[in-house]
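Asker: What follows is input-v8.tsv, TSV, C-alpha atoms and all ligand atoms.
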```
chain	number	residue	atom	x	y	z
Q	1	MET	CA	-15.98	-47.05	140.77
Q	2	ASN	CA	-12.43	-48.31	140.54
Q	3	ILE	CA	-10.50	-46.45	143.24
Q	4	LEU	CA	-6.73	-46.32	143.73
Q	5	ILE	CA	-5.51	-45.39	147.22
Q	6	THR	CA	-1.95	-44.79	148.38
Q	7	ALA	CA	-1.28	-45.24	152.09
Q	8	GLY	CA	1.39	-45.40	154.74
Q	9	PRO	CA	4.96	-44.14	154.80
Q	10	THR	CA	7.77	-44.88	152.41
Q	11	ARG	CA	11.21	-46.09	153.47
Q	12	GLU	CA	14.32	-44.75	151.83
Q	13	ALA	CA	17.36	-46.88	152.58
Q	14	LEU	CA	20.70	-45.38	153.61
Q	15	ASP	CA	22.55	-48.66	153.98
Q	16	PRO	CA	21.55	-52.33	154.53
Q	17	VAL	CA	20.24	-51.62	158.06
Q	18	ARG	CA	19.09	-47.99	158.11
Q	19	TYR	CA	16.42	-45.98	156.37
Q	20	LEU	CA	14.60	-42.62	156.41
Q	21	THR	CA	10.87	-42.73	157.03
Q	22	ASN	CA	8.07	-40.87	158.86
Q	23	ARG	CA	5.34	-41.44	161.43
Q	24	SER	CA	2.55	-42.47	159.07
Q	25	SER	CA	0.81	-45.62	160.33
Q	26	GLY	CA	-1.30	-46.12	157.21
Q	27	LYS	CA	-4.54	-45.89	159.25
Q	28	MET	CA	-6.08	-43.07	157.20
Q	29	GLY	CA	-5.45	-44.76	153.86
Q	30	TYR	CA	-6.54	-48.19	155.10
Q	31	ALA	CA	-9.75	-46.67	156.53
Q	32	LEU	CA	-10.46	-45.19	153.10
Q	33	ALA	CA	-9.81	-48.56	151.47
Q	34	SER	CA	-12.20	-50.34	153.85
Q	35	ALA	CA	-14.84	-47.66	153.32
Q	36	GLY	CA	-14.42	-48.02	149.56
Q	37	VAL	CA	-15.06	-51.76	149.76
Q	38	HIS	CA	-18.00	-51.15	152.11
Q	39	PHE	CA	-19.59	-48.91	149.46
Q	40	GLY	CA	-19.11	-51.57	146.78
Q	41	HIS	CA	-16.16	-49.98	144.96
Q	42	ARG	CA	-13.22	-51.93	143.55
Q	43	VAL	CA	-10.20	-50.73	145.55
Q	44	THR	CA	-6.50	-50.99	144.78
Q	45	LEU	CA	-4.45	-50.14	147.87
Q	46	ILE	CA	-0.80	-49.27	147.25
Q	47	SER	CA	0.84	-49.26	150.62
Q	48	GLY	CA	4.18	-48.55	152.17
Q	49	PRO	CA	5.26	-50.64	155.19
Q	50	THR	CA	2.67	-50.70	158.01
Q	51	ASN	CA	1.65	-52.97	160.87
Q	52	LEU	CA	-1.99	-53.04	159.79
Q	53	ASP	CA	-4.03	-55.97	158.53
Q	54	VAL	CA	-4.81	-55.70	154.84
Q	55	PRO	CA	-8.52	-54.80	154.48
Q	56	ILE	CA	-10.55	-57.63	152.99
Q	57	ASN	CA	-11.45	-57.56	149.31
Q	58	VAL	CA	-8.90	-54.93	148.27
Q	59	ASP	CA	-6.29	-55.46	145.58
Q	60	TYR	CA	-3.18	-54.94	147.66
Q	61	VAL	CA	0.15	-53.75	146.31
Q	62	GLN	CA	2.99	-53.56	148.80
Q	63	VAL	CA	5.83	-51.14	148.15
Q	64	GLU	CA	8.71	-49.76	150.16
Q	65	THR	CA	10.22	-46.71	148.49
Q	66	ALA	CA	8.77	-43.58	146.91
Q	67	GLN	CA	10.06	-44.79	143.55
Q	68	GLU	CA	8.28	-48.15	143.95
Q	69	MET	CA	5.06	-46.32	144.92
Q	70	PHE	CA	5.45	-44.12	141.83
Q	71	GLU	CA	5.89	-47.16	139.55
Q	72	ALA	CA	2.92	-49.02	141.06
Q	73	THR	CA	0.73	-45.93	140.81
Q	74	ARG	CA	1.71	-45.45	137.17
Q	75	VAL	CA	0.41	-48.96	136.43
Q	76	TYR	CA	-2.75	-49.11	138.53
Q	77	ILE	CA	-4.02	-45.56	137.99
Q	78	GLN	CA	-4.77	-46.48	134.36
Q	79	LYS	CA	-7.92	-48.36	135.34
Q	80	ALA	CA	-8.98	-46.01	138.18
Q	81	GLU	CA	-11.87	-43.56	138.10
Q	82	ALA	CA	-10.79	-41.97	141.39
Q	83	ALA	CA	-7.36	-41.78	142.99
Q	84	ILE	CA	-6.76	-40.83	146.63
Q	85	PHE	CA	-3.22	-40.05	147.76
Q	86	ALA	CA	-3.16	-40.53	151.55
Q	87	ALA	CA	0.42	-41.81	151.71
Q	88	ALA	CA	3.13	-39.83	153.43
Q	89	VAL	CA	5.72	-40.17	150.68
Q	90	ALA	CA	9.30	-39.18	151.43
Q	91	ASP	CA	10.09	-35.91	149.67
Q	92	TYR	CA	13.81	-36.73	149.74
Q	93	ARG	CA	15.86	-39.91	149.65
Q	94	PRO	CA	19.57	-40.49	150.24
Q	95	ALA	CA	21.60	-39.58	147.15
Q	96	LEU	CA	23.64	-42.75	147.60
Q	97	PHE	CA	22.87	-46.18	149.01
Q	98	ALA	CA	25.89	-47.51	150.93
Q	99	GLU	CA	26.31	-51.22	150.10
Q	100	GLU	CA	27.98	-51.80	153.49
Q	101	LYS	CA	26.78	-50.55	156.88
Q	102	ILE	CA	27.95	-46.96	157.35
Q	103	LYS	CA	30.72	-46.87	159.97
Q	104	LYS	CA	31.04	-44.42	162.85
Q	105	THR	CA	33.89	-42.06	161.93
Q	106	GLY	CA	33.85	-38.34	162.76
Q	107	GLU	CA	31.71	-36.45	165.31
Q	108	THR	CA	29.28	-35.42	162.59
Q	109	LEU	CA	27.98	-37.10	159.48
Q	110	THR	CA	26.47	-35.19	156.58
Q	111	LEU	CA	23.92	-36.92	154.39
Q	112	GLU	CA	23.15	-35.77	150.89
Q	113	LEU	CA	19.48	-36.12	149.97
Q	114	VAL	CA	17.83	-35.79	146.58
Q	115	ARG	CA	14.19	-35.14	145.72
Q	116	THR	CA	11.87	-38.04	145.07
Q	117	THR	CA	9.31	-37.86	142.28
Q	118	ASP	CA	6.01	-36.22	143.23
Q	119	ILE	CA	3.51	-39.02	142.58
Q	120	LEU	CA	0.38	-36.93	143.09
Q	121	GLY	CA	1.94	-34.17	140.97
Q	122	SER	CA	2.53	-36.72	138.19
Q	123	ALA	CA	-1.07	-37.94	138.05
Q	124	ARG	CA	-2.36	-35.42	135.53
Q	125	SER	CA	0.83	-34.48	133.71
Q	126	THR	CA	2.71	-37.79	133.44
Q	127	PHE	CA	0.07	-40.48	133.91
Q	128	GLY	CA	-2.63	-38.60	131.96
Q	129	PHE	CA	-5.18	-39.32	134.70
Q	130	GLU	CA	-8.55	-37.68	134.05
Q	131	GLY	CA	-10.60	-39.11	136.93
Q	132	VAL	CA	-11.34	-37.67	140.35
Q	133	LEU	CA	-8.00	-36.70	141.88
Q	134	VAL	CA	-7.82	-36.37	145.65
Q	135	GLY	CA	-4.66	-35.33	147.47
Q	136	PHE	CA	-3.95	-34.98	151.15
Q	137	ALA	CA	-2.06	-32.09	152.71
Q	138	ALA	CA	-0.18	-32.59	155.97
Q	139	GLU	CA	0.43	-29.09	157.30
Q	140	THR	CA	1.72	-27.51	160.47
Q	141	GLU	CA	0.69	-23.94	159.54
Q	142	ASN	CA	-1.56	-22.04	157.10
Q	143	LEU	CA	-3.68	-25.15	156.57
Q	144	GLU	CA	-6.14	-23.82	154.02
Q	145	ALA	CA	-3.70	-21.68	152.00
Q	146	ASN	CA	-1.10	-24.44	151.75
Q	147	ALA	CA	-3.71	-27.04	150.84
Q	148	ARG	CA	-5.15	-24.74	148.18
Q	149	GLY	CA	-1.66	-24.28	146.72
Q	150	LYS	CA	-1.33	-28.08	146.41
Q	151	LEU	CA	-4.83	-28.39	144.94
Q	152	GLU	CA	-3.97	-25.89	142.18
Q	153	ARG	CA	-0.39	-27.00	141.46
Q	154	LYS	CA	-1.30	-30.70	141.24
Q	155	GLY	CA	-4.63	-30.37	139.43
Q	156	CYS	CA	-6.68	-31.97	142.22
Q	157	ASP	CA	-10.46	-31.97	142.51
Q	158	LEU	CA	-10.18	-32.09	146.28
Q	159	VAL	CA	-7.44	-31.82	148.91
Q	160	VAL	CA	-8.04	-33.28	152.36
Q	161	ALA	CA	-6.01	-31.09	154.69
Q	162	ASN	CA	-4.97	-32.11	158.19
Q	163	ASP	CA	-3.08	-30.10	160.78
Q	164	VAL	CA	-0.33	-32.52	161.80
Q	165	SER	CA	0.99	-30.20	164.55
Q	166	GLN	CA	-2.02	-31.04	166.74
Q	167	SER	CA	-1.64	-34.01	169.06
Q	168	GLY	CA	-4.30	-36.73	168.91
Q	169	ILE	CA	-4.99	-36.35	165.21
Q	170	GLY	CA	-3.10	-36.91	161.97
Q	171	PHE	CA	-0.07	-39.18	162.03
Q	172	ASP	CA	-0.44	-42.51	163.87
Q	173	SER	CA	-3.73	-41.67	165.56
Q	174	ASP	CA	-7.12	-43.35	165.28
Q	175	HIS	CA	-8.66	-39.90	164.87
Q	176	ASN	CA	-8.41	-37.01	162.49
Q	177	GLU	CA	-9.92	-33.59	161.88
Q	178	VAL	CA	-9.79	-32.43	158.29
Q	179	LEU	CA	-10.61	-29.51	156.07
Q	180	LEU	CA	-11.89	-30.45	152.64
Q	181	VAL	CA	-10.48	-27.91	150.19
Q	182	TYR	CA	-12.26	-27.70	146.81
Q	183	PRO	CA	-11.46	-25.28	143.97
Q	184	ASP	CA	-14.44	-23.10	144.93
Q	185	ARG	CA	-15.10	-23.77	148.63
Q	186	VAL	CA	-14.00	-25.43	151.84
Q	187	GLU	CA	-15.81	-27.81	154.13
Q	188	PRO	CA	-14.55	-28.67	157.63
Q	189	LEU	CA	-15.16	-32.16	159.00
Q	190	PRO	CA	-14.99	-32.17	162.81
Q	191	LEU	CA	-12.81	-34.45	164.92
Q	192	ASP	CA	-13.85	-38.05	164.38
Q	193	THR	CA	-12.43	-41.53	163.95
Q	194	LYS	CA	-10.53	-42.11	160.72
Q	195	ASP	CA	-12.96	-44.91	159.92
Q	196	HIS	CA	-15.94	-42.58	160.20
Q	197	LEU	CA	-14.25	-39.72	158.33
Q	198	ALA	CA	-13.32	-42.13	155.54
Q	199	HIS	CA	-17.00	-42.87	154.93
Q	200	PHE	CA	-17.78	-39.14	154.61
Q	201	ILE	CA	-14.78	-38.55	152.32
Q	202	LEU	CA	-15.86	-41.44	150.08
Q	203	GLU	CA	-19.36	-39.94	149.82
Q	204	PHE	CA	-17.89	-36.60	148.72
Q	205	ILE	CA	-15.71	-38.38	146.16
Q	206	LYS	CA	-18.73	-40.19	144.77
Q	207	ASP	CA	-20.43	-36.79	144.29
Q	208	LEU	CA	-17.36	-35.48	142.45
Q	209	HIS	CA	-17.40	-38.56	140.22
Q	210	ILE	CA	-21.07	-38.07	139.37
Q	211	ARG	CA	-20.51	-34.37	138.61
Q	212	LYS	CA	-17.56	-35.17	136.33
Q	213	GLY	CA	-19.92	-37.42	134.39
Z	301	LIG	O1	-1.01	-42.85	158.02
Z	301	LIG	P1	-1.66	-42.22	159.25
Z	301	LIG	O2	-0.85	-42.45	160.50
Z	301	LIG	O3	-3.10	-42.60	159.40
Z	301	LIG	O4	-1.62	-40.62	159.06
Z	301	LIG	C1	-2.41	-40.04	158.08
Z	301	LIG	C2	-1.65	-38.94	157.33
Z	301	LIG	C3	-1.34	-37.80	158.29
Z	301	LIG	C4	-0.34	-39.50	156.76
Z	301	LIG	C5	-2.60	-38.50	156.16
Z	301	LIG	O5	-3.78	-37.97	156.72
Z	301	LIG	C6	-1.92	-37.44	155.30
Z	301	LIG	O6	-1.95	-36.24	155.57
Z	301	LIG	N1	-1.28	-37.91	154.20
Z	301	LIG	C7	-0.44	-37.06	153.33
Z	301	LIG	C8	0.88	-36.84	154.01
Z	301	LIG	C9	1.83	-35.99	153.18
Z	301	LIG	O7	2.87	-36.46	152.85
Z	301	LIG	O8	1.36	-34.82	152.82
Z	301	LIG	P2	2.18	-33.73	151.94
Z	301	LIG	O9	1.48	-32.45	152.23
Z	301	LIG	O10	3.65	-33.79	152.20
Z	301	LIG	O11	1.92	-34.21	150.46
Z	301	LIG	C10	0.87	-33.70	149.66
Z	301	LIG	C11	0.28	-34.79	148.81
Z	301	LIG	O12	1.23	-35.22	147.82
Z	301	LIG	C12	-0.17	-36.05	149.54
Z	301	LIG	O13	-1.37	-36.49	148.93
Z	301	LIG	C13	0.96	-37.03	149.30
Z	301	LIG	O14	0.48	-38.39	149.29
Z	301	LIG	C14	1.42	-36.62	147.90
Z	301	LIG	N2	2.83	-36.86	147.61
Z	301	LIG	C15	3.82	-36.22	148.29
Z	301	LIG	C16	5.15	-36.40	147.94
Z	301	LIG	C17	5.45	-37.28	146.89
Z	301	LIG	N3	6.72	-37.51	146.53
Z	301	LIG	N4	4.46	-37.90	146.23
Z	301	LIG	C18	3.15	-37.72	146.56
Z	301	LIG	O15	2.24	-38.32	145.96
```
Mind converting the file's structure to structure tokens?

Answerer:
Amino acid sequence: MNILITAGPTREALDPVRYLTNRSSGKMGYALASAGVHFGHRVTLISGPTNLDVPINVDYVQVETAQEMFEATRVYIQKAEAAIFAAAVADYRPALFAEEKIKKTGETLTLELVRTTDILGSARSTFGFEGVLVGFAAETENLEANARGKLERKGCDLVVANDVSQSGIGFDSDHNEVLLVYPDRVEPLPLDTKDHLAHFILEFIKDLHIRKG
């Protein structure tokens, strides 16, 4: 299979020295990329900024912003049979980029933010992707219901849901505990290393690919 994976955070610049980002380390997406290579798949990894080593034998595309990740995904998803969206993409970016460093002025500073494009949500509708579509859901409450909402709205075959309010799993941890949410069922995967979970998730994706024919 040709597999596209998005990973890591995005960075949305405010001025030449400041940006908005999140706590994603990229570990979950990179573990999936390594597992994909291990199983003999051809993997394209589109990654925001991380401190991780690029897994061997992946086609690596480095991006910084949500818009750059959108553009790269639009290109590389064309040859993919499965696409896994593990990146923590900024939902909002600053409305304006200040060319000069923003100066301290008043006691408060109000930033105007605008929505970024939903890359996963564009896969079916804008990119015309017909392969196995796997989203992630980072939730702090109502894990299954919220993940199911994303699965349906974005036309996914599977959403991997993680409770990011729990310490020791999710963002910037070596471990995770996920709920696999399918259109017709759920399957919990107990606490494990991201590397180990990635192997299981890849096996489930292979099954989905076979069933799609
Ligand atoms: O990187 P790590 O430190 O290993 O942490 C792993 C993780 C917690 C980041 C990962 O397991 C995870 O949950 N990734 C998705 C994080 C997220 O942004 O979830 P969300 O519920 O906000 O987004 C839902 C889905 O839409 C995700 O597949 C996301 O990649 C995608 N999305 C979101 C916004 C956007 N503009 N474009 C997108 O494609």

Asker: Pick out the residues no farther than 8 Å from ligand LIG 301 (chain Z), counting all atoms listed in the file, and list them as an NGL selection string.

Answerer: :Q and (6-9 or 23-30 or 66 or 70 or 84-92 or 115-122 or 134-139 or 147 or 150 or 159-162 or 164 or 169-174 or 176 or 194)

Asker: Pick out the closest residue to Gly168 (chain Q) from this set: Q:Leu180, Q:Leu191, Q:Leu197, Q:Thr44. Count all atoms listed in the file.

Answerer: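 Closest residue, counting all atoms listed in the file: Q:Leu191.
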
Asker: Closest to Ile201 (chain Q) among Q:Leu4, Q:Ala80, Q:Ala35, Q:Ala123, using all atoms listed in the file?

Answerer: Q:Ala35

Asker: Calculate how many Å separate CA of Glu152 (chain Q) from CA of Ser167 (chain Q), rounding to one decimal.

Answerer: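 Computed distance, CA of Glu152 (chain Q) to CA of Ser167 (chain Q), equals 28.2 Å.
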
Asker: Rounded to one decimal in Å, what is the spacing between CA of Tyr182 (chain Q) and CA of Glu81 (chain Q)?

Answerer: 18.1 Å

Asker: Given only C-alpha atoms as the basis, pick out the residue of Q:Val63, Q:Leu208, Q:Met1, Q:Ala95 nearest to Arg42 (chain Q).

Answerer: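 Among Q:Val63, Q:Leu208, Q:Met1, Q:Ala95, it is Q:Met1 that comes nearest to Arg42 (chain Q).
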
Asker: With only C-alpha atoms as the basis for distance, which of Q:Val61, Q:Ile56, Q:Leu133, Q:Leu14 is at the shortest distance from Val75 (chain Q)?

Answerer: Q:Val61

Asker: What is the distance, in Å and to one decimal place, between CA of Ile102 (chain Q) and CA of Leu20 (chain Q)?

Answerer: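 Spanning CA of Ile102 (chain Q) to CA of Leu20 (chain Q) is a straight-line distance of 14.1 Å.
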
Asker: Could you tell me which of Q:Ala82, Q:Leu111, Q:Ala98, Q:Leu151 comes closest to Glu130 (chain Q) if we count all atoms listed in the file?

Answerer: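 Answer, going by the shortest atom-to-atom distance: Q:Ala82.
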
Asker: Looking at only C-alpha atoms, which of Q:Leu96, Q:Val181, Q:Thr10, Q:Phe127 is the one that sits closest to Gly149 (chain Q)?

Answerer: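 The answer is Q:Val181, which sits nearest to Gly149 (chain Q).
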
Asker: List the neighbours of Asn57 (chain Q) out to 12 Å using all atoms listed in the file; skip same-chain residues closer than 3 positions along the sequence, and give me the result as number ranges by chain.

Answerer: Q: 33-45, 53-54, 60

Asker: Counting only C-alpha atoms, what is within 10 Å of Phe200 (chain Q), bar same-chain residues fewer than 4 positions away, as a PDB file with C-alpha atoms, keeping the file's coordinate frame?

Answerer:
```
ATOM      1  CA  LEU Q  32     -10.460 -45.190 153.100  1.00  0.00           C
ATOM      2  CA  ALA Q  35     -14.840 -47.660 153.320  1.00  0.00           C
ATOM      3  CA  LEU Q 189     -15.160 -32.160 159.000  1.00  0.00           C
ATOM      4  CA  LYS Q 194     -10.530 -42.110 160.720  1.00  0.00           C
ATOM      5  CA  ASP Q 195     -12.960 -44.910 159.920  1.00  0.00           C
ATOM      6  CA  HIS Q 196     -15.940 -42.580 160.200  1.00  0.00           C
ATOM      7  CA  PHE Q 204     -17.890 -36.600 148.720  1.00  0.00           C
ATOM      8  CA  ILE Q 205     -15.710 -38.380 146.160  1.00  0.00           C
ATOM      9  CA  LYS Q 206     -18.730 -40.190 144.770  1.00  0.00           C
TER      10      LYS Q 206
END
```

Asker: Using the atoms already present, construct N, CA and C atoms for region 135-146 of chain Q and hand them back as a compact mmCIF listing (two decimals), keeping the file's coordinate frame.

Answerer:
```txt
# COMPACT_ATOMS: atom_id res chain seq x y z
N GLY Q 135 -5.92 -35.34 146.73
CA GLY Q 135 -4.66 -35.33 147.47
C GLY Q 135 -4.92 -35.11 148.94
N PHE Q 136 -3.92 -35.36 149.75
CA PHE Q 136 -3.95 -34.98 151.15
C PHE Q 136 -2.92 -33.87 151.33
N ALA Q 137 -3.07 -33.08 152.36
CA ALA Q 137 -2.06 -32.09 152.71
C ALA Q 137 -1.80 -32.20 154.20
N ALA Q 138 -0.58 -32.52 154.56
CA ALA Q 138 -0.18 -32.59 155.97
C ALA Q 138 0.53 -31.28 156.27
N GLU Q 139 -0.11 -30.43 157.07
CA GLU Q 139 0.43 -29.09 157.30
C GLU Q 139 0.61 -28.82 158.79
N THR Q 140 1.56 -27.94 159.08
CA THR Q 140 1.72 -27.51 160.47
C THR Q 140 1.38 -26.03 160.62
N GLU Q 141 1.09 -25.35 159.52
CA GLU Q 141 0.69 -23.94 159.54
C GLU Q 141 -0.07 -23.62 158.25
N ASN Q 142 -0.82 -22.53 158.28
CA ASN Q 142 -1.56 -22.04 157.10
C ASN Q 142 -2.26 -23.19 156.35
N LEU Q 143 -3.07 -23.91 157.10
CA LEU Q 143 -3.68 -25.15 156.57
C LEU Q 143 -4.40 -24.93 155.24
N GLU Q 144 -5.33 -23.98 155.23
CA GLU Q 144 -6.14 -23.82 154.02
C GLU Q 144 -5.31 -23.30 152.84
N ALA Q 145 -4.48 -22.27 153.10
CA ALA Q 145 -3.70 -21.68 152.00
C ALA Q 145 -2.73 -22.70 151.41
N ASN Q 146 -2.06 -23.45 152.26
CA ASN Q 146 -1.10 -24.44 151.75
C ASN Q 146 -1.81 -25.56 150.99
```
